[in-house]
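Shown next: final20.csv, containing CSV, C-alpha atoms.
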chain,number,residue,atom,x,y,z
A,13,MET,CA,29.4,53.3,4.0
A,14,GLY,CA,29.0,51.0,1.0
A,15,TRP,CA,32.3,52.0,-0.4
A,16,TRP,CA,34.0,50.9,2.9
A,17,ASP,CA,32.4,47.4,2.7
A,18,SER,CA,33.6,47.1,-0.9
A,19,LEU,CA,37.1,47.7,0.2
A,20,TRP,CA,37.1,45.6,3.4
A,21,ALA,CA,34.7,42.7,3.2
A,22,SER,CA,33.4,42.0,6.6
A,23,SER,CA,32.5,38.6,7.9
A,24,SER,CA,28.8,39.5,8.0
A,25,SER,CA,28.7,40.4,4.3
A,26,GLY,CA,31.2,37.9,3.0
A,27,ASP,CA,28.5,35.5,1.8
A,28,ASP,CA,26.0,38.2,0.7
A,29,PRO,CA,25.6,38.1,-3.1
A,30,LEU,CA,24.2,41.7,-3.1
A,31,ARG,CA,27.2,43.3,-1.5
A,32,LYS,CA,28.7,44.5,-4.8
A,33,LEU,CA,25.6,46.4,-5.9
A,34,ASP,CA,25.3,50.1,-5.7
A,35,PRO,CA,23.8,51.2,-2.3
A,36,LYS,CA,20.9,53.1,-3.9
A,37,LEU,CA,20.1,50.2,-6.3
A,38,ARG,CA,20.2,47.8,-3.3
A,39,GLU,CA,17.9,50.0,-1.3
A,40,PHE,CA,15.5,50.2,-4.3
A,41,LEU,CA,15.5,46.4,-4.6
A,42,GLU,CA,14.9,45.9,-1.0
A,43,ARG,CA,12.0,48.3,-1.0
A,44,GLU,CA,10.3,47.0,-4.2
A,45,SER,CA,10.9,43.3,-3.9
A,46,PRO,CA,8.0,41.3,-2.5
A,47,VAL,CA,10.4,38.7,-1.0
A,48,LYS,CA,12.9,40.2,1.5
A,49,TYR,CA,16.3,38.7,1.2
A,50,SER,CA,18.7,38.3,4.1
A,51,ALA,CA,22.1,36.6,4.5
A,52,ALA,CA,20.6,34.4,7.3
A,53,GLN,CA,18.1,33.0,4.8
A,54,ALA,CA,20.9,32.2,2.4
A,55,GLU,CA,22.9,30.4,5.1
A,56,THR,CA,19.8,28.4,6.1
A,57,ALA,CA,19.1,27.3,2.5
A,58,ALA,CA,22.7,26.3,2.0
A,59,ALA,CA,22.6,24.2,5.2
A,60,ALA,CA,19.4,22.5,4.1
A,61,LYS,CA,20.8,21.7,0.7
A,62,GLU,CA,23.9,20.1,2.3
A,63,GLU,CA,21.7,18.1,4.6
A,64,ALA,CA,19.6,16.8,1.7
A,65,GLU,CA,22.7,15.8,-0.2
A,66,ARG,CA,24.1,14.0,2.8
A,67,ILE,CA,20.8,12.1,3.3
A,68,ALA,CA,20.7,11.1,-0.4
A,69,ALA,CA,24.3,9.9,-0.3
A,70,ALA,CA,23.5,7.8,2.8
A,71,LYS,CA,20.5,6.2,1.1
A,72,LYS,CA,22.5,5.3,-1.9
A,73,GLU,CA,25.2,3.8,0.3
A,74,GLU,CA,22.6,1.7,2.1
A,75,GLU,CA,21.1,0.5,-1.2
A,76,ARG,CA,24.6,-0.4,-2.5
A,77,GLU,CA,25.3,-2.4,0.7
A,78,ALA,CA,22.0,-4.2,0.4
A,79,ARG,CA,22.7,-5.2,-3.2
A,80,GLU,CA,26.2,-6.4,-2.5
A,81,GLY,CA,25.0,-8.4,0.5
A,82,GLY,CA,22.5,-10.3,-1.5
A,83,ARG,CA,19.6,-8.8,0.4
A,84,PRO,CA,16.9,-7.0,-1.6
A,85,ALA,CA,16.7,-3.3,-1.1
A,86,VAL,CA,12.9,-3.4,-1.0
A,87,PRO,CA,10.5,-6.2,0.0
A,88,ARG,CA,8.5,-8.0,-2.7
A,89,GLU,CA,5.4,-6.0,-1.8
A,90,SER,CA,7.0,-2.9,-3.4
A,91,GLN,CA,6.0,-2.1,-7.0
A,92,PHE,CA,9.5,-1.0,-7.8
A,93,GLN,CA,12.0,-3.8,-7.3
A,94,ASP,CA,14.9,-1.7,-8.6
A,95,GLY,CA,15.5,-0.2,-5.1
A,96,ARG,CA,13.5,3.0,-5.5
A,97,TYR,CA,11.9,4.3,-2.3
A,98,ALA,CA,13.9,1.9,-0.2
A,99,HIS,CA,14.1,4.4,2.6
A,100,LEU,CA,10.3,4.2,2.8
A,101,TRP,CA,10.3,0.4,3.1
A,102,LYS,CA,13.1,0.4,5.6
A,103,THR,CA,10.8,-0.1,8.6
A,104,TYR,CA,8.1,-2.0,6.8
A,105,ARG,CA,6.7,-5.2,8.3
A,106,PRO,CA,4.2,-7.5,6.6
A,107,LEU,CA,0.7,-7.5,8.0
A,108,ALA,CA,0.7,-11.2,8.6
A,109,GLU,CA,3.9,-10.9,10.8
A,110,ILE,CA,2.3,-8.2,12.9
A,111,GLU,CA,-1.0,-10.2,13.3
A,112,ALA,CA,1.0,-13.3,14.2
A,113,GLU,CA,2.5,-11.5,17.2
A,114,THR,CA,-0.9,-10.6,18.6
A,115,LYS,CA,-2.6,-14.0,18.0
A,116,SER,CA,-3.4,-16.3,20.8
A,117,ASP,CA,-2.2,-19.9,20.9
A,118,HIS,CA,-5.7,-21.1,20.0
A,119,GLU,CA,-5.8,-18.8,17.0
A,120,LYS,CA,-2.4,-20.0,15.8
A,121,LEU,CA,-3.6,-23.6,16.1
A,122,MET,CA,-6.7,-22.9,14.2
A,123,ASP,CA,-4.7,-21.2,11.4
A,124,VAL,CA,-2.7,-24.4,10.9
A,125,LEU,CA,-5.9,-26.5,10.7
A,126,GLU,CA,-7.7,-24.0,8.5
A,127,GLY,CA,-4.7,-23.8,6.2
A,128,TYR,CA,-4.9,-27.6,5.7
A,129,LYS,CA,-8.6,-27.4,4.9
A,130,GLU,CA,-8.0,-24.5,2.5
A,131,ARG,CA,-5.3,-26.4,0.7
A,132,LYS,CA,-7.9,-29.0,-0.4
A,133,ASN,CA,-10.2,-26.2,-1.7
A,134,GLN,CA,-7.3,-24.5,-3.6
A,135,ILE,CA,-6.3,-27.8,-5.2
A,136,GLY,CA,-9.9,-28.2,-6.5
A,137,LYS,CA,-9.9,-24.6,-7.8
A,138,ALA,CA,-6.6,-25.2,-9.6
A,139,ALA,CA,-7.9,-28.4,-11.2
A,140,LEU,CA,-11.0,-26.5,-12.4
A,141,GLU,CA,-8.8,-23.8,-13.9
A,142,ASN,CA,-6.8,-26.4,-15.8
A,143,CYS,CA,-10.1,-28.0,-17.0
A,144,ALA,CA,-11.6,-24.8,-18.2
A,145,LEU,CA,-11.9,-26.0,-21.9
A,146,GLU,CA,-13.7,-29.2,-20.7
A,147,GLN,CA,-16.1,-27.0,-18.7
A,148,VAL,CA,-16.8,-24.9,-21.8
A,149,ASP,CA,-17.6,-28.0,-23.9
A,150,TRP,CA,-19.9,-29.3,-21.2
A,151,ARG,CA,-21.7,-25.9,-21.0
A,152,GLN,CA,-22.1,-25.6,-24.7
A,153,CYS,CA,-23.5,-29.1,-24.9
A,154,MET,CA,-26.0,-28.3,-22.2
A,155,SER,CA,-27.1,-25.0,-23.7
A,156,SER,CA,-27.3,-26.0,-27.4
A,157,PRO,CA,-27.0,-29.8,-27.7
A,158,SER,CA,-27.3,-31.7,-31.0
A,159,VAL,CA,-29.8,-34.6,-31.4
A,160,THR,CA,-27.2,-37.2,-30.4
A,161,GLU,CA,-26.0,-35.1,-27.4
A,162,ARG,CA,-29.6,-34.6,-26.3
A,163,MET,CA,-30.3,-38.3,-26.4
A,164,THR,CA,-27.1,-39.1,-24.4
A,165,MET,CA,-27.5,-36.1,-22.1
A,166,CYS,CA,-23.9,-34.9,-22.9
A,167,ARG,CA,-22.5,-38.1,-21.4
A,168,SER,CA,-19.2,-37.9,-23.3
A,169,GLN,CA,-18.6,-34.2,-22.3
A,170,ILE,CA,-19.3,-35.1,-18.6
A,171,LYS,CA,-17.0,-38.0,-18.7
A,172,LYS,CA,-14.3,-35.9,-20.3
A,173,PHE,CA,-14.6,-33.2,-17.6
A,174,GLU,CA,-14.7,-35.7,-14.8
A,175,LYS,CA,-11.5,-37.4,-16.1
A,176,CYS,CA,-9.8,-34.1,-16.4
A,177,TYR,CA,-10.7,-33.0,-12.9
A,178,MET,CA,-9.7,-36.3,-11.2
A,179,THR,CA,-6.4,-36.5,-13.1
A,180,GLN,CA,-5.5,-32.9,-12.6
A,181,THR,CA,-6.3,-33.2,-8.8
A,182,ARG,CA,-4.1,-36.3,-8.7
A,183,LEU,CA,-1.2,-34.7,-10.5
A,184,LEU,CA,-1.4,-31.5,-8.4
A,185,LYS,CA,-1.2,-33.6,-5.2
A,186,ALA,CA,1.6,-35.7,-6.6
A,187,LEU,CA,3.7,-32.7,-7.6
A,188,GLY,CA,3.3,-31.1,-4.2
A,189,TYR,CA,1.0,-28.3,-5.0
A,190,LEU,CA,0.6,-26.1,-1.8
A,191,SER,CA,2.4,-28.8,0.2
A,192,THR,CA,4.5,-26.1,2.0
A,193,TYR,CA,3.5,-22.8,3.6
A,194,ASP,CA,6.5,-20.7,2.7
A,195,ARG,CA,6.5,-21.3,-1.1
A,196,SER,CA,6.1,-18.3,-3.4
A,197,PRO,CA,3.0,-18.0,-5.6
A,198,GLU,CA,5.2,-18.1,-8.7
A,199,VAL,CA,6.4,-21.6,-7.8
A,200,GLU,CA,2.8,-22.8,-7.1
A,201,GLU,CA,1.7,-21.4,-10.5
A,202,ASP,CA,4.6,-23.3,-12.2
A,203,ILE,CA,3.4,-26.5,-10.5
A,204,GLN,CA,-0.1,-25.9,-11.7
A,205,MET,CA,1.1,-25.4,-15.3
A,206,HIS,CA,3.3,-28.5,-15.2
A,207,ALA,CA,0.3,-30.6,-14.0
A,208,ASP,CA,-1.7,-29.3,-17.0
A,209,THR,CA,1.2,-30.1,-19.3
A,210,LEU,CA,1.4,-33.7,-18.0
A,211,TYR,CA,-2.3,-34.2,-18.4
A,212,HIS,CA,-2.2,-33.2,-22.1
A,213,ARG,CA,0.8,-35.4,-22.6
A,214,MET,CA,-1.2,-38.2,-21.2
A,215,LEU,CA,-4.1,-37.5,-23.6
A,216,SER,CA,-1.6,-37.5,-26.6
A,217,GLN,CA,-0.2,-40.8,-25.4
A,218,GLU,CA,-3.7,-42.3,-25.1
A,219,ALA,CA,-4.5,-41.1,-28.7
A,220,GLU,CA,-1.3,-42.8,-30.0
A,221,VAL,CA,-2.2,-46.1,-28.2
A,222,ALA,CA,-5.7,-45.9,-29.7
A,223,ALA,CA,-4.4,-45.3,-33.2
A,224,ALA,CA,-1.9,-48.2,-32.9
A,225,LYS,CA,-4.7,-50.6,-31.8
A,226,LYS,CA,-6.8,-49.4,-34.7
A,227,GLU,CA,-4.1,-49.8,-37.3
A,228,GLY,CA,-2.8,-53.1,-35.8
A,229,ARG,CA,0.6,-51.8,-34.9
A,230,PRO,CA,2.5,-52.7,-31.7
A,231,ILE,CA,1.3,-50.6,-28.8
A,232,PRO,CA,4.0,-48.0,-27.9
A,233,LYS,CA,5.3,-47.9,-24.4
A,234,PHE,CA,5.6,-44.6,-22.5
A,235,PRO,CA,7.3,-43.8,-19.3
A,236,PRO,CA,5.0,-42.9,-16.4
A,237,LEU,CA,4.0,-39.2,-16.1
A,238,ILE,CA,5.5,-39.0,-12.6
A,239,SER,CA,8.5,-41.1,-12.0
A,240,LYS,CA,8.2,-43.3,-8.9
A,241,LEU,CA,11.9,-43.9,-8.6
A,242,PRO,CA,14.9,-41.8,-9.5
A,243,THR,CA,16.7,-42.5,-12.8
A,244,THR,CA,20.2,-43.1,-11.3
A,245,ILE,CA,20.8,-46.5,-9.9
A,246,GLU,CA,22.8,-45.2,-7.0
A,247,GLN,CA,19.8,-43.3,-5.6
A,248,GLN,CA,17.3,-46.2,-5.9
A,249,PRO,CA,18.1,-48.1,-2.7
A,250,GLN,CA,18.1,-44.8,-0.8
A,251,ARG,CA,14.8,-43.8,-2.2
A,252,GLN,CA,13.2,-47.2,-1.5
A,253,ASN,CA,14.4,-47.1,2.1
A,254,GLN,CA,13.0,-43.6,2.5
A,255,GLN,CA,9.6,-44.6,1.1
A,256,GLN,CA,9.5,-47.6,3.5
A,257,GLU,CA,10.4,-45.5,6.5
A,258,GLU,CA,8.1,-42.6,5.9
A,259,LEU,CA,4.9,-44.8,5.8
A,260,THR,CA,3.5,-46.7,8.8
A,261,GLN,CA,1.9,-50.1,8.5
A,262,GLU,CA,-1.5,-48.5,8.7
A,263,GLN,CA,-0.7,-46.0,6.0
A,264,LEU,CA,0.6,-48.8,3.8
A,265,GLY,CA,-2.6,-50.7,4.2
A,266,ILE,CA,-4.6,-47.6,3.2
A,267,LEU,CA,-2.3,-47.1,0.2
A,268,ARG,CA,-2.9,-50.7,-1.0
A,269,GLU,CA,-6.7,-50.4,-0.6
A,270,ARG,CA,-6.9,-47.1,-2.5
A,271,LEU,CA,-4.6,-48.4,-5.3
A,272,LYS,CA,-6.9,-51.4,-5.9
A,273,LYS,CA,-9.7,-48.9,-7.0
A,274,VAL,CA,-7.5,-47.2,-9.6
A,275,ALA,CA,-6.7,-48.3,-13.1
A,276,GLU,CA,-3.3,-49.8,-13.7
A,277,GLU,CA,-2.0,-47.0,-15.9
A,278,ASP,CA,-2.9,-44.4,-13.2
A,279,ARG,CA,-1.6,-46.2,-10.2
A,280,VAL,CA,1.9,-44.6,-10.2
A,281,ALA,CA,0.4,-41.1,-10.1
A,282,GLU,CA,-2.2,-42.1,-7.6
A,283,GLU,CA,0.5,-43.6,-5.3
A,284,GLU,CA,2.6,-40.4,-5.4
A,285,ALA,CA,-0.5,-38.3,-4.7
A,286,ILE,CA,-1.4,-40.5,-1.7
A,287,ARG,CA,2.2,-40.3,-0.4
A,288,ALA,CA,2.1,-36.5,-0.9
A,289,GLU,CA,-1.1,-36.4,1.2
A,290,PHE,CA,0.6,-38.4,4.0
A,291,ARG,CA,3.6,-36.0,3.9
A,292,VAL,CA,1.3,-32.9,4.2
A,293,LYS,CA,-0.6,-34.5,7.1
A,294,ALA,CA,2.8,-35.2,8.8
A,295,GLU,CA,3.9,-31.6,8.3
A,296,VAL,CA,0.6,-30.3,9.8
A,297,ALA,CA,1.0,-32.7,12.8
A,298,SER,CA,4.6,-31.4,13.2
A,299,ARG,CA,3.5,-27.8,13.2
A,300,VAL,CA,0.8,-28.6,15.8
A,301,GLN,CA,3.3,-30.4,18.0
A,302,ASP,CA,5.6,-27.3,17.7
A,303,LEU,CA,2.8,-25.0,18.8
A,304,TRP,CA,2.0,-27.3,21.8
A,305,LYS,CA,5.7,-27.4,22.8
A,306,LYS,CA,6.0,-23.6,22.6
A,307,GLN,CA,2.8,-23.2,24.7
A,308,GLU,CA,4.4,-25.5,27.3
A,309,GLU,CA,7.6,-23.5,27.4
A,310,ASP,CA,5.7,-20.3,27.7
A,311,ARG,CA,3.6,-21.7,30.6
A,312,ARG,CA,6.8,-22.9,32.4
A,313,ALA,CA,8.4,-19.5,31.9
A,314,ARG,CA,5.3,-17.7,33.4
A,315,LYS,CA,5.3,-20.1,36.3
A,316,GLU,CA,9.0,-19.4,37.1
A,317,ARG,CA,8.3,-15.7,37.0
A,318,GLY,CA,5.4,-16.1,39.3
A,319,GLU,CA,2.9,-15.0,36.6
A,320,GLU,CA,1.0,-18.2,36.2
A,321,THR,CA,-2.6,-17.7,35.1
A,322,LEU,CA,-5.7,-19.7,36.1
A,323,TRP,CA,-5.7,-21.3,32.6
A,324,ASP,CA,-2.1,-22.4,33.1
A,325,LYS,CA,-3.0,-24.1,36.3
A,326,LEU,CA,-6.0,-25.9,34.8
A,327,SER,CA,-4.1,-27.0,31.7
A,328,GLY,CA,-1.3,-28.2,33.9
A,329,THR,CA,-3.7,-30.3,36.0
A,330,PHE,CA,-5.4,-31.9,32.9
A,331,ARG,CA,-2.0,-32.6,31.3
A,332,SER,CA,-0.7,-34.3,34.5
A,333,GLY,CA,-3.9,-36.3,34.7
A,334,ASN,CA,-3.5,-37.5,31.1
A,335,GLU,CA,0.1,-38.4,31.6
A,336,LYS,CA,-0.8,-40.6,34.6
A,337,ARG,CA,-3.3,-42.4,32.5
Structure re-expressed in structure tokens:
Amino acid sequence: MGWWDSLWASSSSGDDPLRKLDPKLREFLERESPVKYSAAQAETAAAAKEEAERIAAAKKEEEREAREGGRPAVPRESQFQDGRYAHLWKTYRPLAEIEAETKSDHEKLMDVLEGYKERKNQIGKAALENCALEQVDWRQCMSSPSVTERMTMCRSQIKKFEKCYMTQTRLLKALGYLSTYDRSPEVEEDIQMHADTLYHRMLSQEAEVAAAKKEGRPIPKFPPLISKLPTTIEQQPQRQNQQQEELTQEQLGILRERLKKVAEEDRVAEEEAIRAEFRVKAEVASRVQDLWKKQEEDRRARKERGEETLWDKLSGTFRSGNEKR
């Protein structure tokens, strides 16, 4: 009945691409072909293709909306920042965020304190990286010294390295290196490079001053490496009031005592470094206070729900006793 189907195409064979073949040829192909073809398979393949096209169109639409809304299509952990594989990163959450949800209050508090200690170590490492050439000179002097260097025990190289390390540390603190917790590594690297630039600028200025003294010329005057006050006159009273308000009398006394031990030309940078240290300590204290406040709110919420723990009762007792005192 193949001739009947060719005249009147039925609904079952309307989508069959083999319907126009001779019945004997079609029978031969069905018998000899290793893959059996059926109209149902063709319909399934077509439906799968349409579904894939629909999903791809939906993904492109999501990426376009993300770009137009100013939100990156993929997080910064992705190697491809052009939006590829955005559907795979759609449900991604950073490991630090997941761990923060499962940490106890004590662990969160210790993270803040450990971060403050780690900042000092990282500042020292950054200063050592900026003083790599001075370390090389010192090592070469110790490994193969000349007669003069052997007699002086590489004193000039040691002084050169110590000066570099102390100045780089002071500049990094004054510029705010690692002073905040939510700053990108690229910005921290720029601050480190800027501190190294300022140090070499200071060395060139000292060389010019030494040359002027040797030649009997007037000593050139240079602006401080780190400006203490803003350049515009309108901002100076505001900045002075801000500096007076942000330091207590105890901190001002500590600042004066530490500045007495520093040379005159380094006092501006040292003062800014000390002020930066005070600001970091204030930020750490603020974060600790926020954690304590959140703990108190959670304890009150558990008490209202009737889920107060034994530790909540003990901490509440100690807290009330301290408040009475």
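Atom CA of A:Trp150 is positioned 29.9 Å from atom CA of A:Lys272.
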Practice prompt. Calculate how many Å separate atom CA of A:Asn142 from atom CA of A:Glu218, rounding to one decimal.
Written response: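 Spanning atom CA of A:Asn142 to atom CA of A:Glu218 is a straight-line distance of 18.7 Å.
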Worksheet item: Which neighbours of stretch 102-110 of chain A fall inside 9 Å, counting only C-alpha atoms, when residues of the same chain fewer than 3 positions from it are skipped, and could you give them as a VMD selection string?
Response: chain A and resid 85 to 87 89 97 to 99 113 to 114
With C-alpha atoms kept, could you save the residues just selected as a JSON list (two decimals), keeping the file's coordinate frame?
[["chain", "number", "residue", "atom", "x", "y", "z"],
["A", 85, "ALA", "CA", 16.70, -3.30, -1.10],
["A", 86, "VAL", "CA", 12.90, -3.40, -1.00],
["A", 87, "PRO", "CA", 10.50, -6.20, 0.00],
["A", 89, "GLU", "CA", 5.40, -6.00, -1.80],
["A", 97, "TYR", "CA", 11.90, 4.30, -2.30],
["A", 98, "ALA", "CA", 13.90, 1.90, -0.20],
["A", 99, "HIS", "CA", 14.10, 4.40, 2.60],
["A", 113, "GLU", "CA", 2.50, -11.50, 17.20],
["A", 114, "THR", "CA", -0.90, -10.60, 18.60]]
Discussion item. Please list, as number ranges by chain, the residues that have an atom at most 8 Å away from (1.3, -31.1, -12.4) in the coordinates of this file, counting all atoms listed in the file.
Written reply: A: 180, 183-184, 186-187, 189, 203-211
Fill in: Among the residues A:Val199, A:Leu190, A:Ile67, A:Ala275, the one that comes closest to A:Arg291 [using only C-alpha atoms]
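Among the listed residues, the smallest separation from A:Arg291 belongs to A:Leu190.
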